[in-house]
Amino acid sequence: MSSFSPDPEALLESYFEEFNEDLWRGKNVDLGMVTFDEAEGRSNGQVQHCHRLVLASKIDFLRDLLYPFEDGEEDVRIVLPGVKPEELEVALALFYQPHLSEQDADFLAGRGLLGYPGDEDWSPEEGSTEDVEDSYKED
């Protein structure tokens with residue numbers, strides 16, 4: 001008797017392929033991201049819809065930020081000051097890949113889209129949601 005053991009890499013690629021298809025169809029998207037031009041003091045007005053799960057899998061800060069929201073919570077928006085609309089489009093395309101190359105991570109980090117805001121020494125190895133999860137538990 002043999003048991004089926006899927007290739008983890010193939011499974012990961014399959015999941016991201018499905019999320020990509022859903023993204024472009026606007027299916028099951030549950031997060032909106034908006035760019036904000038600090039010089040003009042206003043948003044560009046365009047909302048880029050995406051999946052919380054995908055972004056939370058890539059960005060510890062967003063995972064921590066989105067943790068208290070219930071599944072299905074409506075109209076969750078994240079405003080991204082200093083990020084241009086075309087940079088957000090590139091960033092979303094990168095987030096929807098199974099893995100980030102070092103060059104891709106540098107692009108995202110240079111726009112403040114990885115790590116924690118204001119913490120230039122932060123690295124993914126240091127990020128943990130355990131403390132955040134504990135802070136949301138009721139006494």
# chains A, B, ... in the order shown; residues from 1 in each chain; ligands from 1
$ residues_around --residues "Ala105 in chain A" --least-positions-apart "2" --cutoff "12 Å" --atoms "only C-alpha atoms" --output "list of chain:residue names"
A:Lys58, A:Ile59, A:Val90, A:Ala91, A:Leu94, A:Phe95, A:Gln97, A:His99, A:Leu100, A:Ser101, A:Glu102, A:Gln103, A:Phe107, A:Leu108, A:Ala109, A:Gly110, A:Arg111, A:Gly112, A:Leu113, A:Leu114, A:Gly115, A:Ser123, A:Pro124
$ residues_around --residues "Glu13 in chain A" --least-positions-apart "5" --cutoff "12 Å" --atoms "only C-alpha atoms" --output "ChimeraX atom specification"
/A:6-8,18-20,96-99
$ write_last_selection --atoms "N, CA and C atoms" --output "mmCIF file, in the first residue's frame"
data_model
loop_
_atom_site.group_PDB
_atom_site.id
_atom_site.type_symbol
_atom_site.label_atom_id
_atom_site.label_comp_id
_atom_site.auth_asym_id
_atom_site.auth_seq_id
_atom_site.Cartn_x
_atom_site.Cartn_y
_atom_site.Cartn_z
ATOM 1 N N PRO A 6 2.288 14.579 -2.066
ATOM 2 C CA PRO A 6 2.490 15.610 -3.089
ATOM 3 C C PRO A 6 3.805 16.350 -2.900
ATOM 4 N N ASP A 7 4.343 16.778 -4.005
ATOM 5 C CA ASP A 7 5.557 17.589 -3.987
ATOM 6 C C ASP A 7 5.196 18.961 -3.423
ATOM 7 N N PRO A 8 5.784 19.366 -2.290
ATOM 8 C CA PRO A 8 5.425 20.658 -1.675
ATOM 9 C C PRO A 8 5.629 21.840 -2.622
ATOM 10 N N GLU A 18 -3.575 29.464 -8.756
ATOM 11 C CA GLU A 18 -5.009 29.660 -8.514
ATOM 12 C C GLU A 18 -5.302 31.062 -7.977
ATOM 13 N N PHE A 19 -4.487 31.526 -7.051
ATOM 14 C CA PHE A 19 -4.672 32.886 -6.528
ATOM 15 C C PHE A 19 -4.499 33.917 -7.640
ATOM 16 N N ASN A 20 -3.536 33.710 -8.538
ATOM 17 C CA ASN A 20 -3.341 34.619 -9.666
ATOM 18 C C ASN A 20 -4.585 34.674 -10.534
ATOM 19 N N TYR A 96 2.367 37.665 -5.857
ATOM 20 C CA TYR A 96 1.618 36.511 -6.346
ATOM 21 C C TYR A 96 2.516 35.455 -6.999
ATOM 22 N N GLN A 97 3.812 35.542 -6.775
ATOM 23 C CA GLN A 97 4.756 34.503 -7.198
ATOM 24 C C GLN A 97 5.065 33.642 -5.973
ATOM 25 N N PRO A 98 5.302 32.346 -6.173
ATOM 26 C CA PRO A 98 5.570 31.479 -5.014
ATOM 27 C C PRO A 98 6.785 31.901 -4.198
ATOM 28 N N HIS A 99 7.796 32.439 -4.856
ATOM 29 C CA HIS A 99 9.019 32.827 -4.149
ATOM 30 C C HIS A 99 9.478 34.198 -4.631
#
$ atom_distance --atom1 "CA of Glu38 in chain A" --atom2 "CA of Val83 in chain A"
9.2 Å
$ atom_distance --atom1 "CA of Asp30 in chain A" --atom2 "CA of Asp64 in chain A"
16.1 Å
$ atom_distance --atom1 "CA of Glu9 in chain A" --atom2 "CA of Cys50 in chain A"
22.6 Å
$ residues_around --residues "Gln48 in chain A" --least-positions-apart "3" --cutoff "10 Å" --atoms "only C-alpha atoms" --output "number ranges by chain"
A: 23, 29, 31-35, 45, 77-78, 85, 88-89, 92
